[in-house]
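Everything on this sheet refers to the single structure shown next.
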Amino acid sequence: MTRGQPGPPEDAAGTREGGEAGGAGAGRAAPETFTVLLPSYADFAAWRAAARKLLAAAIPPEAVEWRTPEDPPGLFTGPPPPDAVGPPLAVPRDFVEMAELAVRHADRERFALLHSLLWDARARPGLLRTPTEPRMARLGAMARAVRRDAHKMHAFLRFREIDTAEGPRSVAWFEPEHHIVEAEAGFFVRRFAILRWSILTPRRCAHWDGAALAFTLGARRADAPAEDAAEDLWRTYFASIFNPARLKPDAMRAEMPKKYWRNLPEAEVIPELMKGAEGRVRAMLGQQPKAPGRRQKPGAK
Amino acid sequence: MDLRAKLALLADAAKYDASCASSGTEKRDSRAGGLGSTEGMGICHAYAPDGRCISLLKVLLTNACVFDCAYCINRATSNVPRARFTVAELVKLTLAFYRRNYIEGLFLSSGIIRSPDYTIEQLIRVARTLREEHGFLGYIHLKTIPEAAPELLAEAGRWADRLSINVELPQVASLKRLAPEKDLPAIGGAMQQLSSRIAEAREAKRTARRAAPPRFAPAGQSTQMIVGADDSDDRSILGKGAELYEKYGLRRVYYSGYSPIPEASSLLPPAPPPLLREHRLYQADWLLRFYGFGTEEILSGGEGGMLDLEIDPKLAWALKHRAVFPVDINAAPRELLLRVPGLGARNVDRILAARQEGRVRLADLARLRVPLRKVAPFLLAPDHRAAPGLLDSPRLRAMLTAPAGLGAQARPRQLSLFP
């Protein structure tokens, strides 16, 4: 990757000396750019194996273009990097955890950012423990965004039950921001192992048949069922648990942004709840205290 | 009454209880059978337009009640219609909602009917049916009735993740006036019972060799205090909270601003809920639990036993203890960094990590999304020294509270219901 190199120039500059000669390049003309084609958009193990190879061959970040099958085809495809074996690179555990999350981010520079951090960490191991360093801060932000996306998927995904020839099936339509379906399918297996379910998303679908997970390519919203018999009760609950005297729509939207609403059955009653709140509160504040009602007898229903 | 009408009534009746937590319990998952999972972190499945998290199906078994608490919509002398779920209805509703991923589980409470023992037996039946007949592994929070027999409390803890008993009012005199049937010593006794059973179960689990020992409320116990229904000041509310944390190891104390209800009692004229005061109490509670502050220290930021409503309690404390500052970001110990207004615990830990690798500058804090305008007067960094005299300036407070551009909108104010 020659353009869009993450990190400010002064950091990139420091990386040159180590990689310039390109240990593998001795004796043959090193190509300007290698292309690493990863098997999938969020394959951490494949990224790690490729990064190890690149470091062992001393290929600098600016000489690598990362690509996944989901990316649009590039204008130019370089050769794959040469095989090389180097000593294992010890990195902090926190960094590995962040990297695992960051490879699921939709940002196309995610692999190059991680590579550039590892590259510079050879000379400056403390880099990977410095959350204030600009690229580390960016990595942290990417990991947080992925974690939040996953959390919102656990929270806002809604199943609808349909009857099929093999019995009932729970089907959900969800639109994650990042490449998290494979990673988060396990959450739904642990929770709903007893059900048979499908999670449909624009890029990938996950299916559980009661025993095994399977993934298929993306689907459309119209492929999911349009309604469920329990949603009416759920909307009733949502409306009744709302306290009109505490109306705080901004707090609601901060945690449940509007982009999720079109897939949340309860969201359709939000406008009327907000509209009616003021009148309900006025009525409560204006009420004349009533004489106490008849006291209930113990045991009354 | 049909199921939908009951649900509307019995959810409405439950909404004045602030708790909706589903976190902090043991890990469970359904791959070996059953339905549901708990993974430690709570999940908010929706947010109502009041900004509050909806994590659990929070309902009353019945809103019929023999108690006559003035602040409560369900009190014996209120004119609201009454209803009662059957055990089967509640179980079916919980499972239907859970299977569709609407909720983490059930928070079941109830008006007191017939007797405390009878009432808690009904709650236990719902929890036991969910667990035993349906293999339900989701979260269950049961409201506990202090006067119930010890063996019933023990059984409740077997099925529930969390138990709670609401103190509601921090002073005996207020309880006498507004909730005459409530008995503060009995509440303390029941909390003590729960506390020792929770500790025993935890210890048994820690030392267990083979078979899993009987469980008891692995997510602990919590309580709630109503704010603004009586004349209790913040000192008595926070003091009571601190006492409960210490004596009974409560996981959470919830503060619930007294909210107007239909069918209000003549003892308690309806008023808009004190949302900002409630917010400040939560902030103070946080300082108490995670920032090493004592109750009196927090209160010293305000006046006359009340917190400062205009600014958050940490800033209020700092402005009254300016001699502590400026704090050197590269030299101060963790406890002192935690006292800097605008620095949260997580960012303090990031600063400590970054310090291992080199000097930390104010510009680094910007990358951690620390509010620079707020922290700057209190910090010393290689690239930053506050203007001379600023820390001692009587204008500092006004400068920190003045609106500045867009950021000002994010600052909480006394919320007026009808601007």
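As shown in the structure tokens, the chain order sets the letters A, B, ...; within each chain, residues go from 1, and ligands are also counted from 1 in the order they appear.
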
Skipping near chain neighbours, those fewer than 3 positions away, what residues fall within 7 Å of Phe85 of chain B using only C-alpha atoms, listed as a short mmCIF file (atom, residue, chain, number, x, y, z; two decimals) with N, CA and C atoms, in the first residue's frame?
data_model
loop_
_atom_site.label_atom_id
_atom_site.label_comp_id
_atom_site.auth_asym_id
_atom_site.auth_seq_id
_atom_site.Cartn_x
_atom_site.Cartn_y
_atom_site.Cartn_z
N LEU B 61 -46.32 -9.18 39.77
CA LEU B 61 -47.23 -10.33 39.70
C LEU B 61 -48.66 -9.83 39.89
N THR B 62 -48.84 -8.95 40.88
CA THR B 62 -50.13 -8.29 41.06
C THR B 62 -49.89 -6.89 41.60
N GLU B 89 -49.11 -17.52 32.82
CA GLU B 89 -49.03 -16.35 31.93
C GLU B 89 -47.65 -15.71 31.98
N LEU B 90 -47.14 -15.55 33.18
CA LEU B 90 -45.83 -14.90 33.33
C LEU B 90 -44.72 -15.73 32.71
#

Practice item. Pick out each residue of segment 69-252 of chain A that DSSP on the backbone tags as helix (DSSP H, G or I); I need them as a PyMOL selection string. Key: chain A and resi 93-102+110-121+125-129+134-156+181-192+221-223+231-241+244-246+249-252

Exercise for review: For Leu123 of chain B, list every protein, DNA or RNA residue within 12 Å, evaluated using only C-alpha atoms, and leave out those in the same chain fewer than 5 positions away; present the list as an NGL selection string.
Suggested key: :B and (59-62 or 84-88 or 90-91 or 106-113 or 116-118 or 128-130 or 140-145 or 148 or 152-153 or 155-157 or 159-160 or 163)

Exercise for review: Skip segment 271-284 of chain A itself and residues of its chain fewer than 4 positions away, then list as a ChimeraX atom specification all residues within 7 Å of it, counting only C-alpha atoms.
Suggested key: /A:239,244-245 /B:49,260-262,270

Each residue of chain A lying at most 6 Å from chain B should get a row with its shortest atom-to-atom pair and the distance in Å to one decimal, counting only C-alpha atoms; could you produce that, ordered by chain and increasing number, as JSON lines?
{"residue": "A:Gly126", "atom": "CA", "partner": "B:Glu357", "partner_atom": "CA", "distance": 5.8}
{"residue": "A:Thr130", "atom": "CA", "partner": "B:Ala354", "partner_atom": "CA", "distance": 4.7}
{"residue": "A:Thr132", "atom": "CA", "partner": "B:Asp364", "partner_atom": "CA", "distance": 5.2}
{"residue": "A:Ala155", "atom": "CA", "partner": "B:His45", "partner_atom": "CA", "distance": 4.4}
{"residue": "A:Phe156", "atom": "CA", "partner": "B:His45", "partner_atom": "CA", "distance": 5.7}
{"residue": "A:Arg158", "atom": "CA", "partner": "B:Asn101", "partner_atom": "CA", "distance": 5.6}
{"residue": "A:Phe159", "atom": "CA", "partner": "B:Arg100", "partner_atom": "CA", "distance": 4.5}
{"residue": "A:Arg190", "atom": "CA", "partner": "B:Asp29", "partner_atom": "CA", "distance": 5.1}
{"residue": "A:Arg191", "atom": "CA", "partner": "B:Gly36", "partner_atom": "CA", "distance": 4.3}
{"residue": "A:Phe192", "atom": "CA", "partner": "B:Gly36", "partner_atom": "CA", "distance": 6.0}
{"residue": "A:Ala193", "atom": "CA", "partner": "B:Arg31", "partner_atom": "CA", "distance": 5.4}
{"residue": "A:Ser240", "atom": "CA", "partner": "B:Asp12", "partner_atom": "CA", "distance": 4.9}
{"residue": "A:Ile241", "atom": "CA", "partner": "B:Lys15", "partner_atom": "CA", "distance": 5.2}
{"residue": "A:Phe242", "atom": "CA", "partner": "B:Ala48", "partner_atom": "CA", "distance": 5.6}
{"residue": "A:Arg246", "atom": "CA", "partner": "B:Asp50", "partner_atom": "CA", "distance": 5.1}
{"residue": "A:Leu247", "atom": "CA", "partner": "B:Asp50", "partner_atom": "CA", "distance": 4.3}
{"residue": "A:Lys248", "atom": "CA", "partner": "B:Asp50", "partner_atom": "CA", "distance": 4.6}
{"residue": "A:Pro249", "atom": "CA", "partner": "B:Pro49", "partner_atom": "CA", "distance": 5.0}
{"residue": "A:Ala251", "atom": "CA", "partner": "B:Gly51", "partner_atom": "CA", "distance": 4.6}
{"residue": "A:Met252", "atom": "CA", "partner": "B:Gly51", "partner_atom": "CA", "distance": 4.0}
{"residue": "A:Met284", "atom": "CA", "partner": "B:Pro262", "partner_atom": "CA", "distance": 5.5}
{"residue": "A:Leu285", "atom": "CA", "partner": "B:Pro270", "partner_atom": "CA", "distance": 5.4}
{"residue": "A:Pro289", "atom": "CA", "partner": "B:Ser266", "partner_atom": "CA", "distance": 5.0}
{"residue": "A:Pro292", "atom": "CA", "partner": "B:Thr77", "partner_atom": "CA", "distance": 5.2}
{"residue": "A:Gly293", "atom": "CA", "partner": "B:Thr77", "partner_atom": "CA", "distance": 4.5}
{"residue": "A:Arg294", "atom": "CA", "partner": "B:Thr77", "partner_atom": "CA", "distance": 5.7}
{"residue": "A:Arg295", "atom": "CA", "partner": "B:Thr77", "partner_atom": "CA", "distance": 4.7}
{"residue": "A:Gln296", "atom": "CA", "partner": "B:Ala76", "partner_atom": "CA", "distance": 5.5}
{"residue": "A:Pro298", "atom": "CA", "partner": "B:Arg114", "partner_atom": "CA", "distance": 4.8}
{"residue": "A:Gly299", "atom": "CA", "partner": "B:Arg114", "partner_atom": "CA", "distance": 4.2}

Exercise for review: Work out how far atom CA of Arg135 of chain A is from atom CA of Ala50 of chain A, in Å to one decimal.
Suggested key: 20.3 Å

Point to revise | Spatial neighbours of segment 174-185 of chain A, 7 Å, only C-alpha atoms, chain gap at least 5 places, as a ChimeraX atom specification | key: /A:41-42,104-106,146,149-150,153,157,200-202,204,206

Take the residues that were just selected and, keeping N, CA, C and O atoms, output them as a short mmCIF file (atom, residue, chain, number, x, y, z; two decimals), in the first residue's frame.
data_model
loop_
_atom_site.label_atom_id
_atom_site.label_comp_id
_atom_site.auth_asym_id
_atom_site.auth_seq_id
_atom_site.Cartn_x
_atom_site.Cartn_y
_atom_site.Cartn_z
N TYR A 41 -12.91 -11.34 5.03
CA TYR A 41 -12.77 -9.94 5.44
C TYR A 41 -12.34 -9.72 6.89
O TYR A 41 -11.99 -8.61 7.26
N ALA A 42 -12.44 -10.75 7.70
CA ALA A 42 -12.11 -10.53 9.11
C ALA A 42 -11.38 -11.75 9.67
O ALA A 42 -11.65 -12.19 10.78
N ARG A 104 -11.96 -6.81 12.37
CA ARG A 104 -13.38 -6.88 11.97
C ARG A 104 -13.93 -5.51 11.57
O ARG A 104 -15.08 -5.39 11.17
N HIS A 105 -13.12 -4.48 11.71
CA HIS A 105 -13.58 -3.13 11.41
C HIS A 105 -13.76 -2.94 9.91
O HIS A 105 -13.03 -3.53 9.11
N ALA A 106 -14.72 -2.12 9.53
CA ALA A 106 -14.98 -1.92 8.10
C ALA A 106 -13.92 -1.05 7.43
O ALA A 106 -13.86 -0.98 6.20
N VAL A 146 -15.87 -1.76 17.11
CA VAL A 146 -16.27 -3.14 16.83
C VAL A 146 -16.98 -3.74 18.04
O VAL A 146 -18.00 -4.42 17.92
N ASP A 149 -20.42 -2.33 18.20
CA ASP A 149 -21.26 -2.92 17.17
C ASP A 149 -21.75 -4.31 17.60
O ASP A 149 -22.91 -4.66 17.43
N ALA A 150 -20.82 -5.09 18.18
CA ALA A 150 -21.17 -6.43 18.64
C ALA A 150 -22.20 -6.34 19.77
O ALA A 150 -23.20 -7.08 19.79
N MET A 153 -25.49 -5.56 18.44
CA MET A 153 -26.08 -6.73 17.76
C MET A 153 -26.71 -7.66 18.81
O MET A 153 -27.84 -8.13 18.62
N LEU A 157 -30.82 -7.12 17.93
CA LEU A 157 -31.29 -8.12 16.97
C LEU A 157 -32.62 -8.69 17.48
O LEU A 157 -32.77 -8.95 18.66
N LEU A 200 -29.83 -13.04 9.28
CA LEU A 200 -29.56 -12.54 7.93
C LEU A 200 -28.97 -11.12 8.03
O LEU A 200 -29.48 -10.29 8.78
N THR A 201 -27.90 -10.89 7.27
CA THR A 201 -27.34 -9.53 7.20
C THR A 201 -26.94 -9.27 5.75
O THR A 201 -26.87 -10.20 4.95
N PRO A 202 -26.64 -8.03 5.42
CA PRO A 202 -26.32 -7.73 4.02
C PRO A 202 -25.06 -8.45 3.52
O PRO A 202 -24.95 -8.71 2.32
N ARG A 204 -23.28 -11.30 5.25
CA ARG A 204 -23.15 -12.70 5.62
C ARG A 204 -24.41 -13.12 6.36
O ARG A 204 -25.02 -12.31 7.04
N ALA A 206 -25.79 -16.23 9.12
CA ALA A 206 -25.40 -17.33 9.99
C ALA A 206 -26.64 -18.19 10.23
O ALA A 206 -27.74 -17.66 10.41
#

Exercise for review: Fewer than 2 positions away in the same chain doesn't count, so skip those; otherwise give me all residues within 12 Å of Ser40 of chain A, counting only C-alpha atoms, as an NGL selection string.
Suggested key: :A and (36-38 or 42-47 or 66-71 or 103-104 or 179-180 or 182 or 203-204 or 217)

Could you save the residues just selected, with N, CA, C and O atoms, as a PDB file, in the first residue's frame?
ATOM      1  N   VAL A  36      -1.235  -8.969  -0.487  1.00  0.00           N
ATOM      2  CA  VAL A  36      -1.631 -10.084   0.383  1.00  0.00           C
ATOM      3  C   VAL A  36      -3.134 -10.252   0.241  1.00  0.00           C
ATOM      4  O   VAL A  36      -3.900  -9.339   0.570  1.00  0.00           O
ATOM      5  N   LEU A  37      -3.544 -11.393  -0.280  1.00  0.00           N
ATOM      6  CA  LEU A  37      -4.974 -11.658  -0.408  1.00  0.00           C
ATOM      7  C   LEU A  37      -5.399 -12.540   0.767  1.00  0.00           C
ATOM      8  O   LEU A  37      -5.002 -13.694   0.863  1.00  0.00           O
ATOM      9  N   LEU A  38      -6.199 -11.971   1.650  1.00  0.00           N
ATOM     10  CA  LEU A  38      -6.685 -12.744   2.802  1.00  0.00           C
ATOM     11  C   LEU A  38      -7.933 -13.514   2.385  1.00  0.00           C
ATOM     12  O   LEU A  38      -8.689 -13.049   1.530  1.00  0.00           O
ATOM     13  N   ALA A  42     -12.440 -10.748   7.701  1.00  0.00           N
ATOM     14  CA  ALA A  42     -12.112 -10.532   9.109  1.00  0.00           C
ATOM     15  C   ALA A  42     -11.382 -11.749   9.674  1.00  0.00           C
ATOM     16  O   ALA A  42     -11.652 -12.194  10.780  1.00  0.00           O
ATOM     17  N   ASP A  43     -10.469 -12.275   8.901  1.00  0.00           N
ATOM     18  CA  ASP A  43      -9.807 -13.513   9.299  1.00  0.00           C
ATOM     19  C   ASP A  43      -8.524 -13.177  10.062  1.00  0.00           C
ATOM     20  O   ASP A  43      -7.477 -12.921   9.474  1.00  0.00           O
ATOM     21  N   PHE A  44      -8.630 -13.192  11.379  1.00  0.00           N
ATOM     22  CA  PHE A  44      -7.492 -12.766  12.202  1.00  0.00           C
ATOM     23  C   PHE A  44      -6.309 -13.714  12.057  1.00  0.00           C
ATOM     24  O   PHE A  44      -5.158 -13.284  11.922  1.00  0.00           O
ATOM     25  N   ALA A  45      -6.576 -15.022  12.052  1.00  0.00           N
ATOM     26  CA  ALA A  45      -5.475 -15.998  11.978  1.00  0.00           C
ATOM     27  C   ALA A  45      -4.710 -15.818  10.671  1.00  0.00           C
ATOM     28  O   ALA A  45      -3.470 -15.859  10.646  1.00  0.00           O
ATOM     29  N   ALA A  46      -5.448 -15.611   9.567  1.00  0.00           N
ATOM     30  CA  ALA A  46      -4.784 -15.441   8.275  1.00  0.00           C
ATOM     31  C   ALA A  46      -3.984 -14.136   8.254  1.00  0.00           C
ATOM     32  O   ALA A  46      -2.872 -14.077   7.723  1.00  0.00           O
ATOM     33  N   TRP A  47      -4.540 -13.084   8.855  1.00  0.00           N
ATOM     34  CA  TRP A  47      -3.807 -11.824   8.905  1.00  0.00           C
ATOM     35  C   TRP A  47      -2.514 -12.006   9.710  1.00  0.00           C
ATOM     36  O   TRP A  47      -1.443 -11.555   9.314  1.00  0.00           O
ATOM     37  N   TRP A  66      -3.093  -4.841   1.140  1.00  0.00           N
ATOM     38  CA  TRP A  66      -3.913  -5.891   1.737  1.00  0.00           C
ATOM     39  C   TRP A  66      -5.248  -5.935   1.021  1.00  0.00           C
ATOM     40  O   TRP A  66      -5.858  -4.903   0.770  1.00  0.00           O
ATOM     41  N   ARG A  67      -5.698  -7.119   0.749  1.00  0.00           N
ATOM     42  CA  ARG A  67      -6.975  -7.220   0.053  1.00  0.00           C
ATOM     43  C   ARG A  67      -7.771  -8.408   0.589  1.00  0.00           C
ATOM     44  O   ARG A  67      -7.202  -9.407   1.009  1.00  0.00           O
ATOM     45  N   THR A  68      -9.083  -8.285   0.575  1.00  0.00           N
ATOM     46  CA  THR A  68      -9.945  -9.415   0.945  1.00  0.00           C
ATOM     47  C   THR A  68     -10.912  -9.633  -0.214  1.00  0.00           C
ATOM     48  O   THR A  68     -11.108  -8.725  -1.029  1.00  0.00           O
ATOM     49  N   PRO A  69     -11.530 -10.806  -0.278  1.00  0.00           N
ATOM     50  CA  PRO A  69     -12.454 -11.062  -1.394  1.00  0.00           C
ATOM     51  C   PRO A  69     -13.608 -10.068  -1.428  1.00  0.00           C
ATOM     52  O   PRO A  69     -14.239  -9.875  -2.460  1.00  0.00           O
ATOM     53  N   GLU A  70     -13.906  -9.429  -0.273  1.00  0.00           N
ATOM     54  CA  GLU A  70     -15.033  -8.510  -0.226  1.00  0.00           C
ATOM     55  C   GLU A  70     -14.683  -7.124  -0.764  1.00  0.00           C
ATOM     56  O   GLU A  70     -15.554  -6.308  -1.019  1.00  0.00           O
ATOM     57  N   ASP A  71     -13.366  -6.824  -0.893  1.00  0.00           N
ATOM     58  CA  ASP A  71     -12.980  -5.507  -1.382  1.00  0.00           C
ATOM     59  C   ASP A  71     -13.216  -5.433  -2.883  1.00  0.00           C
ATOM     60  O   ASP A  71     -13.138  -6.442  -3.577  1.00  0.00           O
ATOM     61  N   VAL A 103      -9.478  -6.191  13.241  1.00  0.00           N
ATOM     62  CA  VAL A 103      -9.556  -6.779  11.895  1.00  0.00           C
ATOM     63  C   VAL A 103     -11.010  -6.921  11.441  1.00  0.00           C
ATOM     64  O   VAL A 103     -11.267  -7.100  10.249  1.00  0.00           O
ATOM     65  N   ARG A 104     -11.962  -6.810  12.371  1.00  0.00           N
ATOM     66  CA  ARG A 104     -13.381  -6.876  11.972  1.00  0.00           C
ATOM     67  C   ARG A 104     -13.926  -5.512  11.569  1.00  0.00           C
ATOM     68  O   ARG A 104     -15.080  -5.392  11.174  1.00  0.00           O
ATOM     69  N   HIS A 179     -17.569  -6.140  10.307  1.00  0.00           N
ATOM     70  CA  HIS A 179     -17.616  -7.531   9.841  1.00  0.00           C
ATOM     71  C   HIS A 179     -17.670  -8.486  11.037  1.00  0.00           C
ATOM     72  O   HIS A 179     -16.696  -9.155  11.364  1.00  0.00           O
ATOM     73  N   ILE A 180     -18.817  -8.520  11.695  1.00  0.00           N
ATOM     74  CA  ILE A 180     -18.862  -9.189  13.003  1.00  0.00           C
ATOM     75  C   ILE A 180     -19.731 -10.445  13.032  1.00  0.00           C
ATOM     76  O   ILE A 180     -19.825 -11.091  14.073  1.00  0.00           O
ATOM     77  N   GLU A 182     -19.586 -13.561  11.820  1.00  0.00           N
ATOM     78  CA  GLU A 182     -18.927 -14.816  12.183  1.00  0.00           C
ATOM     79  C   GLU A 182     -18.517 -14.806  13.651  1.00  0.00           C
ATOM     80  O   GLU A 182     -18.699 -15.780  14.375  1.00  0.00           O
ATOM     81  N   ARG A 203     -24.095  -8.731   4.387  1.00  0.00           N
ATOM     82  CA  ARG A 203     -22.846  -9.323   3.882  1.00  0.00           C
ATOM     83  C   ARG A 203     -22.693 -10.804   4.155  1.00  0.00           C
ATOM     84  O   ARG A 203     -21.995 -11.505   3.439  1.00  0.00           O
ATOM     85  N   ARG A 204     -23.283 -11.296   5.247  1.00  0.00           N
ATOM     86  CA  ARG A 204     -23.152 -12.702   5.621  1.00  0.00           C
ATOM     87  C   ARG A 204     -24.407 -13.121   6.356  1.00  0.00           C
ATOM     88  O   ARG A 204     -25.020 -12.311   7.042  1.00  0.00           O
ATOM     89  N   LEU A 217     -23.684 -16.383   2.034  1.00  0.00           N
ATOM     90  CA  LEU A 217     -23.484 -14.994   1.600  1.00  0.00           C
ATOM     91  C   LEU A 217     -24.648 -14.114   2.051  1.00  0.00           C
ATOM     92  O   LEU A 217     -25.659 -14.605   2.545  1.00  0.00           O
TER      93      LEU A 217
END

Point to revise | Contact residues around segment 226-238 of chain B with only C-alpha atoms at 9 Å, ignoring same-chain residues under 5 positions, as an MDAnalysis selection string | key: chainID B and resid 71 167:171 174 178 243 254:259 268 273:274 277:278 281 284:285 295:296 299 304:307

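Interatomic distance, atom CA of Trp234 of chain A to atom CA of Glu266 of chain A: 6.9 Å.
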
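Going from atom CA of Gly140 of chain A over to atom CA of Ala345 of chain B, you cover 16.4 Å.
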
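Minimum atom-to-atom distance to Gly78 of chain A, evaluated using only C-alpha atoms, belongs to A:Thr35 out of A:Glu133, A:Thr35, A:Phe111, A:Leu54.
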
Practice item. Write out as a PyMOL selection string all residues of segment 209-294 of chain A that backbone DSSP assigns to strand (DSSP E or B). Key: chain A and resi 213-217
